[in-house]
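Student: Structure in structure tokens, see below.
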Amino acid sequence: AGLDLHVPAGATIALVGENGAGKSTLIKLLCRFYDPTDGHILVDGEKLAGLPAEAWRERVAAGFQDFVRFELVARESVGVGDLPQAEDAAAVGGAIERAGVSDLVERLPAGLETELGKTFTAGHELSGGQWQKLALARAMMRDRPLLLLLDEPTSALDAHAEHQLFERYAESARAVAKATGGIAVFVSHRFSTVRMADLIAVVDGGRIVERGTHAELVALGG
């Protein structure tokens with residue numbers, strides 16, 4: 001209780017704070033994995049709890065730190081991020097391009113038709129970072145989401161790779177925001193990533209204790 005945050009349409013916001021501060025809980029509430037026990041989340045003035053959960057989730061794109069390794073054909077492993085388009089090679093290719101992981105797919109023995117994981121007799125095994133890159137592409141399957149949520153989705157990547165990816169996401173999110181008013185929310189511990197946001201919210205003890213641009217927060221000295 002006591003968390004208060006207004007995110008304007010079209011904004012890119014970073015959530016920062018120590019482990020256990022409540023960042024991931026806030027992300028899960030925004031996905032409507034569960035409803036708040038007190039207070040309300042409002043979307044354009046409408047209570048999120050009053051919207052059909054499935055319809056809301058169709059407008060949300062999300063990438064998480066604890067991603068799933070879908071041991072399927074690579075095309076399917078990415079495509080399940082938006083089931084109606086899962087068989088559409090152009091849609092899957094677009095997601096891979098937006099996620100900046102084309103180089104990984106090009107190196108797979110049979111490209112997008114490569115069987116992934118040990119579930120298959122001759123399945124191609126990936127490293128943790130490679131699985132995470134495919135999970136990122138899966139999160140990019142919806143190309144015009146109202147809400148893009150990235151909860152430390154690059155934890156298995158090095159700082160330089162994360163910075164490059166988030167630069168792409170920030171650019172893509174701003175393009176979507178201009179067209180639809182969509183919002184991008186991301187959680188990261190890396191300074192260079194956080195600086196890209198229009199608004200930074202500092203979470204502590206389940207509350208927003210500071211908010212502002214990078215320059216404003218530095219000036220506050222908190």
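So you can find residues: chains in the structure tokens are A, B, ... in the order shown, residues in each start at 1, and ligands are numbered from 1 in order.
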Could you give me, as a PyMOL selection string, the residues within 6 Å of range 93-106 of chain A, counting only C-alpha atoms and dropping anything in the same chain fewer than 2 positions from it?
Tutor: chain A and resi 89-91+108+111+137+140-141
Student: Could you make a table, as a tab-separated table, of the residues of range 1-104 of chain A that have an atom within 7 Å of an atom of range 115-121 of chain A, each with its nearest atom pair and distance in Å to one decimal, counting only C-alpha atoms, in chain and number order?
Tutor:
```
residue	atom	partner	partner_atom	distance
A:Glu71	CA	A:Gly117	CA	5.1
A:Leu72	CA	A:Leu116	CA	5.6
A:Val73	CA	A:Glu115	CA	4.3
A:Ala74	CA	A:Glu115	CA	6.3
```
Student: Would you put the residues from that selection into a file with C-alpha atoms, as a short mmCIF file (atom, residue, chain, number, x, y, z; two decimals), in the first residue's frame?
Tutor:
```
data_model
loop_
_atom_site.label_atom_id
_atom_site.label_comp_id
_atom_site.auth_asym_id
_atom_site.auth_seq_id
_atom_site.Cartn_x
_atom_site.Cartn_y
_atom_site.Cartn_z
CA GLU A 71 12.49 -26.52 -26.49
CA LEU A 72 10.74 -26.24 -29.84
CA VAL A 73 11.78 -25.37 -33.37
CA ALA A 74 13.45 -21.93 -33.12
#
```
Student: Kindly indicate which residue among A:Leu15, A:Leu217, A:Val68, A:Leu146 lies nearest to Val202 in chain A, using only C-alpha atoms for the distances.
Tutor: A:Leu15
Student: Name all residues at most 9 Å from Lys23 in chain A (count only C-alpha atoms; drop same-chain ones fewer than 6 positions away) and give them as a PyMOL selection string.
Tutor: chain A and resi 15-17+151+187+203-204+206
Student: With only C-alpha atoms as the counted atoms, please give the residues lying no more than 12 Å from Phe166 in chain A, apart from itself and same-chain residues fewer than 3 positions off, as a ChimeraX atom specification.
Tutor: /A:12,14,98-100,136,149-154,157,159-163,169-174,184-188,190-197
Student: Nearest residue to Ala135 in chain A out of A:Val209, A:Ala201, A:Val176, A:Ala62, using only C-alpha atoms?
Tutor: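 Of the candidates, the smallest distance to Ala135 in chain A is held by A:Ala62.
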Student: Neighbours of Ile41 in chain A within 10 Å (only C-alpha atoms; same-chain residues fewer than 2 positions away dropped), as a ChimeraX atom specification?
Tutor: /A:4-6,29-30,32,35-36,38-39,43-50
